[in-house]
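Please read the structure below before turning to the comments.
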Amino acid sequence: MEVLNHKLKMIAPKLGVMFTLMAGAVLQGCGGGEGNKRSETVDSDAAAAVYVPPGQHDEYYSFLSGGFNGQVSVYGLPSGRLLKVIPVFTQFAENGYGYNEETKPMLMTSHGFVPWDDLHHPKLSRTDGMADGKYLYVNGNNTPRVAKVDLTTFETVEIMEIPNSAGNHCSPYPTNNNEYILAGTRFSVPLDLDKGGMGDASLSEYKDKFRGSISFIKTNEDDGHMELDFQVLVPGFDYDLANGGKGPSGDWVFFTTYNTEKSATLKELGASQNDRDYLAAINWKLAAKYAAEGKAHEMPANYYHNTMDHNSHIAKSNVIKKVRYLLPEECPGMMYLIPAPKSPHGIDVDPTGEYMVVNGKLAATLPVFSFSKMQQAIENKDFDGEVNGIPVFKYESVLYGEVQEPGLGPLHTEFDGKGNAYSTMFVSSEVVKWNVKDLQVLDRMPVYYSPGHLMIPGGDTREPDGKYLVVMNKITKDRYLPTGPELLHSAQLIDISGDKMRMLLDFPTLAEPHYAQAIQADKVAPNSVKFFKLDENTHPEAVKKESDASVTRQGRTVKINMTSIRSHFTPDNIEGVQVGDTVIFHVTNLEQDWDVPHGFAIMGANNAETLIMPGATQSLRWVPKQAGVFPFYCTDFCSALHQEMQGYVRVSPRGSNVPIKFSTGEKKPVPPAQASVN
Ligand code: RUQ
Ligand code: CUA
């Protein structure tokens, strides 16, 4: 296997695309069975390097995208311990997100309620080019959305649907002071500039009618609130990934493109005809200036912006009906195209902001472009024609150099802040370390198997923390005990503090992580909220003391305003509900203590439980379909009497005359004999 691997590396660059892809199949195919043998190369002291003793905390929070589970998973590093799952685009039965009445509006879109997405790229908010630990932005790939997670509560608090986009993959990219979150479309679609949104067009009209868009989402400095400021409508290519400049290139953001052939069918062939696709360079500051100075047009739109109110914990949706757009051909100096190896994937800019690495997954070399040469080329008008009025640079005029024989299938690169870059090779299944200045390969580490993204804490910022590297592998095979045909994906932790990489740890991950971000724990942990203050709870249905609990009927709706505290609900006996009523339980958790949520679930409900944090109110809708006496109970083991935390709702046949009645621990008259003893 080692020999074959080596041979492929030597031969494949010369044989081109098809062989490279076949080689991938071969390597993956015989991956099984090799894993245990190779892992013997792990140092005997690796365990000590990742050991976090019981009761002690990890050094970093890492946020791994959940890919097709639509969530974010939070792991501690270096231990690889799972700390939390944050539901974002996906309903989450564990805590009721997307099931309870308060959070349902978060998942509303112009397509209706969309309870799932494919979440690829987490990016931490930034101050002065560094992660500041306030928010985590993530993309929804399938139904284009950008979400914001508040890192004081680890809750999704905002979701913005992106109009005129299809496949929001090169997204989100926050600029160095969070001025904008940029989001680029993956698929181009026929845009109807008069009526707004997608138009009806024949696929044979792809070349003329299809367009892409790059969205500029402005953020508010105080609370990170998002607002879609404008879009740049770009040529009908596919746009893959984005990353921004820093330092001298801080005003720029770069997007890889593929299918510059504008092929509408069989893209695996059609989009690989040209020898080169492009790296699109956009001066975001200039774009914002053009938009502010009246260069923007306006078109009708229809997209949702959902926000969660901090005090009431109620989400609401705003539907926005127009969007502004810029056309590159009307905005000189805003956008350029750099020829890049065909069908490139990741674009990564080094910490100095001078070098742009294009990971050409089908290419034999890894080209590195120079930002200062690009500035020079703009000045000298060193162009090789144009596309839709956008100047195309001559390849040589912006190229810094190429890493020779880096490996097969480069996908992504990050930096250690010591002048080195680390790239994943999907096909040859390795992480390759190389020097950014002299472009020499310094080290290779085989990984298991087929890595996508890798992540170094701060590795995409001005000052990376070059201690650990996490590589996220697409194929798991034999790394763990088998679990049938479906296996979790696998992450590996590598020590990059020395000259040579050192493998430390394997840990399975939930669903399919693409990108991840990590940050020193002390930038996040001190701000973590322990519970919500009951007196700041502005939920209109909140009940702040047991004596205010109530059950009221309004027509066919029965509203139950209930409290929970260790270890009972008030009320816990409810009568007068009829078959077919809409019953809404508004449950307020009266606890004012850390880590005492109460859950609420009722038999036969067509949604999920809801888990109520201390001081918060959440509402669950239930339409009983049968008569009977239905138990409800607390789902979270909250005290020694948790099993007693339960109650009943009596449901009578439709039209019955049982009145609304409710109680908790009805006091029985005290017998006179005992009364005198007390
Ligand atoms: S992308 S590796 Cu969104 Cu590279 Cu997945
Ligand atoms: Cu409350 Cu269990």
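Labels for the structure tokens follow display order: chains A, B, ..., residues from 1 in each chain, ligands from 1.
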Assign secondary structure with DSSP using the backbone only, and return the residues of stretch 83-288 of chain A in strand (DSSP E) as a ChimeraX atom specification. /A:83-87,108-109,112-113,123-127,130-140,145-150,155-161,170-174,180-184,189-190,210-219,226-235,238-244,252-258,276-283
Tell me, counting only C-alpha atoms and all ligand atoms, for each residue of chain A within 7 Å of ligand 2, which pair of atoms is nearest and how far apart they are in Å to one decimal, in rows ordered by chain and increasing number, as CSV.
residue,atom,partner,partner_atom_place_in_ligand_line,distance
A:Ser564,CA,ligand 2,1 (Cu),6.9
A:Ile565,CA,ligand 2,1 (Cu),6.5
A:Arg566,CA,ligand 2,1 (Cu),5.7
A:Ser567,CA,ligand 2,1 (Cu),5.7
A:Pro597,CA,ligand 2,1 (Cu),6.8
A:His598,CA,ligand 2,1 (Cu),4.1
A:Gly599,CA,ligand 2,1 (Cu),6.1
A:Cys634,CA,ligand 2,2 (Cu),4.4
A:Thr635,CA,ligand 2,2 (Cu),5.6
A:Asp636,CA,ligand 2,2 (Cu),4.4
A:Phe637,CA,ligand 2,2 (Cu),4.2
A:Cys638,CA,ligand 2,2 (Cu),4.0
A:Ser639,CA,ligand 2,2 (Cu),6.3
A:His642,CA,ligand 2,2 (Cu),4.0
A:Gln643,CA,ligand 2,2 (Cu),6.7
A:Met645,CA,ligand 2,2 (Cu),5.9
All residues having an atom within 8 Å of ligand 1 (only C-alpha atoms and all ligand atoms) as a PyMOL selection string: chain A and resi 120-121+169-170+240-241+345-346+411-412+451-453+474+513-515
One decimal place gives the atom CA of A:Asp499-atom CA of A:Pro367 separation as 23.2 Å
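Residues surrounding A:Phe600 within 6 Å are A:Glu609, A:Thr610, A:Tyr633, A:Cys634 [only C-alpha atoms; sequence separation below 4 positions excluded].
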Would you return as a ChimeraX atom specification the members of stretch 203-360 of chain A that DSSP assigns to alpha helix (DSSP H) on this structure's backbone? /A:206-209,267-270,284-292
Selection above as a file: all heavy atoms, as a CSV table (one decimal), in the first residue's frame:
chain,number,residue,atom,x,y,z
A,206,TYR,N,-28.7,28.2,-20.5
A,206,TYR,CA,-27.8,28.4,-19.4
A,206,TYR,C,-26.9,29.5,-19.6
A,206,TYR,O,-26.7,30.4,-18.8
A,206,TYR,CB,-27.1,27.1,-19.1
A,206,TYR,CG,-26.3,27.1,-17.8
A,206,TYR,CD1,-26.8,26.5,-16.6
A,206,TYR,CD2,-25.1,27.8,-17.7
A,206,TYR,CE1,-26.1,26.6,-15.4
A,206,TYR,CE2,-24.4,27.9,-16.5
A,206,TYR,CZ,-24.9,27.3,-15.4
A,206,TYR,OH,-24.1,27.4,-14.2
A,207,LYS,N,-26.1,29.4,-20.7
A,207,LYS,CA,-25.0,30.4,-21.0
A,207,LYS,C,-25.5,31.8,-20.9
A,207,LYS,O,-24.8,32.7,-20.5
A,207,LYS,CB,-24.4,30.1,-22.3
A,207,LYS,CG,-23.5,28.9,-22.3
A,207,LYS,CD,-22.5,28.8,-23.4
A,207,LYS,CE,-21.4,27.9,-23.2
A,207,LYS,NZ,-21.8,26.4,-23.1
A,208,ASP,N,-26.7,32.1,-21.4
A,208,ASP,CA,-27.2,33.5,-21.5
A,208,ASP,C,-27.9,33.9,-20.2
A,208,ASP,O,-27.9,35.1,-19.9
A,208,ASP,CB,-28.1,33.7,-22.7
A,208,ASP,CG,-27.5,33.2,-24.0
A,208,ASP,OD1,-26.3,33.4,-24.1
A,208,ASP,OD2,-28.1,32.5,-24.8
A,209,LYS,N,-28.7,33.0,-19.7
A,209,LYS,CA,-29.6,33.5,-18.6
A,209,LYS,C,-29.2,33.2,-17.2
A,209,LYS,O,-29.8,33.9,-16.3
A,209,LYS,CB,-31.0,32.8,-18.9
A,209,LYS,CG,-31.6,33.3,-20.2
A,209,LYS,CD,-33.1,33.3,-20.1
A,209,LYS,CE,-33.7,34.1,-21.3
A,209,LYS,NZ,-35.0,33.5,-21.6
A,267,LYS,N,-21.9,17.8,-15.3
A,267,LYS,CA,-20.8,18.8,-15.0
A,267,LYS,C,-19.5,18.1,-14.7
A,267,LYS,O,-18.5,18.7,-14.8
A,267,LYS,CB,-21.3,19.6,-13.8
A,267,LYS,CG,-22.5,20.5,-14.2
A,267,LYS,CD,-22.5,21.8,-13.3
A,267,LYS,CE,-23.8,22.6,-13.7
A,267,LYS,NZ,-23.8,23.9,-13.1
A,268,GLU,N,-19.6,16.8,-14.3
A,268,GLU,CA,-18.3,16.2,-14.0
A,268,GLU,C,-17.4,16.2,-15.2
A,268,GLU,O,-16.2,16.2,-15.1
A,268,GLU,CB,-18.5,14.8,-13.4
A,268,GLU,CG,-19.1,13.8,-14.3
A,268,GLU,CD,-19.1,12.4,-13.7
A,268,GLU,OE1,-18.1,12.1,-13.0
A,268,GLU,OE2,-20.1,11.7,-13.8
A,269,LEU,N,-18.0,16.2,-16.4
A,269,LEU,CA,-17.2,16.3,-17.6
A,269,LEU,C,-17.2,17.8,-18.1
A,269,LEU,O,-16.2,18.4,-18.4
A,269,LEU,CB,-17.7,15.4,-18.7
A,269,LEU,CG,-17.6,13.9,-18.4
A,269,LEU,CD1,-18.2,13.0,-19.5
A,269,LEU,CD2,-16.1,13.5,-18.2
A,270,GLY,N,-18.5,18.3,-18.3
A,270,GLY,CA,-18.7,19.6,-18.9
A,270,GLY,C,-18.0,20.7,-18.2
A,270,GLY,O,-17.5,21.6,-18.8
A,284,TRP,N,-14.4,44.2,-1.4
A,284,TRP,CA,-15.7,44.3,-0.7
A,284,TRP,C,-15.9,45.8,-0.2
A,284,TRP,O,-17.0,46.2,-0.2
A,284,TRP,CB,-15.8,43.3,0.5
A,284,TRP,CG,-14.9,43.5,1.6
A,284,TRP,CD1,-13.7,42.8,1.8
A,284,TRP,CD2,-15.1,44.4,2.7
A,284,TRP,NE1,-13.2,43.2,3.0
A,284,TRP,CE2,-13.9,44.2,3.6
A,284,TRP,CE3,-16.0,45.3,3.1
A,284,TRP,CZ2,-13.8,44.9,4.8
A,284,TRP,CZ3,-15.9,46.0,4.3
A,284,TRP,CH2,-14.7,45.8,5.1
A,285,LYS,N,-14.8,46.4,0.2
A,285,LYS,CA,-14.9,47.8,0.6
A,285,LYS,C,-15.4,48.7,-0.5
A,285,LYS,O,-16.3,49.5,-0.3
A,285,LYS,CB,-13.6,48.3,1.2
A,285,LYS,CG,-13.5,48.3,2.7
A,285,LYS,CD,-12.8,49.3,3.3
A,285,LYS,CE,-12.8,49.0,4.8
A,285,LYS,NZ,-11.5,49.1,5.4
A,286,LEU,N,-14.8,48.5,-1.7
A,286,LEU,CA,-15.2,49.3,-2.8
A,286,LEU,C,-16.6,49.0,-3.2
A,286,LEU,O,-17.4,49.8,-3.6
A,286,LEU,CB,-14.2,49.0,-4.0
A,286,LEU,CG,-14.4,49.9,-5.2
A,286,LEU,CD1,-14.2,51.4,-4.9
A,286,LEU,CD2,-13.4,49.5,-6.3
A,287,ALA,N,-17.0,47.7,-3.1
A,287,ALA,CA,-18.4,47.3,-3.5
A,287,ALA,C,-19.4,48.0,-2.5
A,287,ALA,O,-20.4,48.6,-3.0
A,287,ALA,CB,-18.5,45.8,-3.3
A,288,ALA,N,-19.0,48.0,-1.2
A,288,ALA,CA,-19.9,48.7,-0.2
A,288,ALA,C,-20.0,50.2,-0.6
A,288,ALA,O,-21.0,50.8,-0.4
A,288,ALA,CB,-19.4,48.5,1.2
A,289,LYS,N,-18.9,50.8,-1.0
A,289,LYS,CA,-18.9,52.2,-1.4
A,289,LYS,C,-19.8,52.4,-2.6
A,289,LYS,O,-20.6,53.3,-2.6
A,289,LYS,CB,-17.4,52.6,-1.7
A,289,LYS,CG,-17.2,54.0,-1.8
A,289,LYS,CD,-15.7,54.3,-1.6
A,289,LYS,CE,-15.3,55.8,-2.0
A,289,LYS,NZ,-14.9,55.9,-3.4
A,290,TYR,N,-19.6,51.6,-3.6
A,290,TYR,CA,-20.5,51.7,-4.8
A,290,TYR,C,-22.0,51.6,-4.4
A,290,TYR,O,-22.8,52.4,-4.9
A,290,TYR,CB,-20.2,50.6,-5.8
A,290,TYR,CG,-19.0,50.9,-6.7
A,290,TYR,CD1,-18.0,50.0,-6.9
A,290,TYR,CD2,-18.9,52.1,-7.4
A,290,TYR,CE1,-16.9,50.2,-7.7
A,290,TYR,CE2,-17.8,52.4,-8.3
A,290,TYR,CZ,-16.8,51.4,-8.4
A,290,TYR,OH,-15.8,51.7,-9.3
A,291,ALA,N,-22.3,50.7,-3.5
A,291,ALA,CA,-23.7,50.5,-3.1
A,291,ALA,C,-24.2,51.7,-2.4
A,291,ALA,O,-25.3,52.2,-2.5
A,291,ALA,CB,-23.8,49.2,-2.3
A,292,ALA,N,-23.3,52.3,-1.5
A,292,ALA,CA,-23.7,53.4,-0.7
A,292,ALA,C,-23.8,54.7,-1.6
A,292,ALA,O,-24.6,55.6,-1.3
A,292,ALA,CB,-22.7,53.7,0.4
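Across the model, the gap from atom CA of A:Val85 to atom CA of A:Gly224 is 21.9 Å.
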Determine, counting only C-alpha atoms, which protein, DNA and RNA residues have an atom within 12 Å of an atom of A:Glu486; residues of the same chain fewer than 2 positions away are not included. Present the result as an MDAnalysis selection string. chainID A and resid 475:478 481:484 488:489 510:512
Report as a tab-separated table the residues of stretch 145-224 of chain A within 12 Å of stretch 55-69 of chain A, each with its shortest atom pair and distance in Å (one decimal), using only C-alpha atoms, ordered by chain and increasing residue number.
residue	atom	partner	partner_atom	distance
A:Val149	CA	A:Phe63	CA	10.9
A:Leu151	CA	A:Tyr61	CA	10.8
A:Phe154	CA	A:Phe63	CA	10.8
A:His169	CA	A:Gly67	CA	11.5
With C-alpha atoms kept, could you save the residues just selected as a short mmCIF file (atom, residue, chain, number, x, y, z; two decimals), in the first residue's frame?
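New file result.cif:
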data_model
loop_
_atom_site.label_atom_id
_atom_site.label_comp_id
_atom_site.auth_asym_id
_atom_site.auth_seq_id
_atom_site.Cartn_x
_atom_site.Cartn_y
_atom_site.Cartn_z
CA VAL A 149 -25.15 31.31 17.06
CA LEU A 151 -21.77 32.05 22.15
CA PHE A 154 -24.78 28.47 22.48
CA HIS A 169 -21.67 27.04 -0.30
#
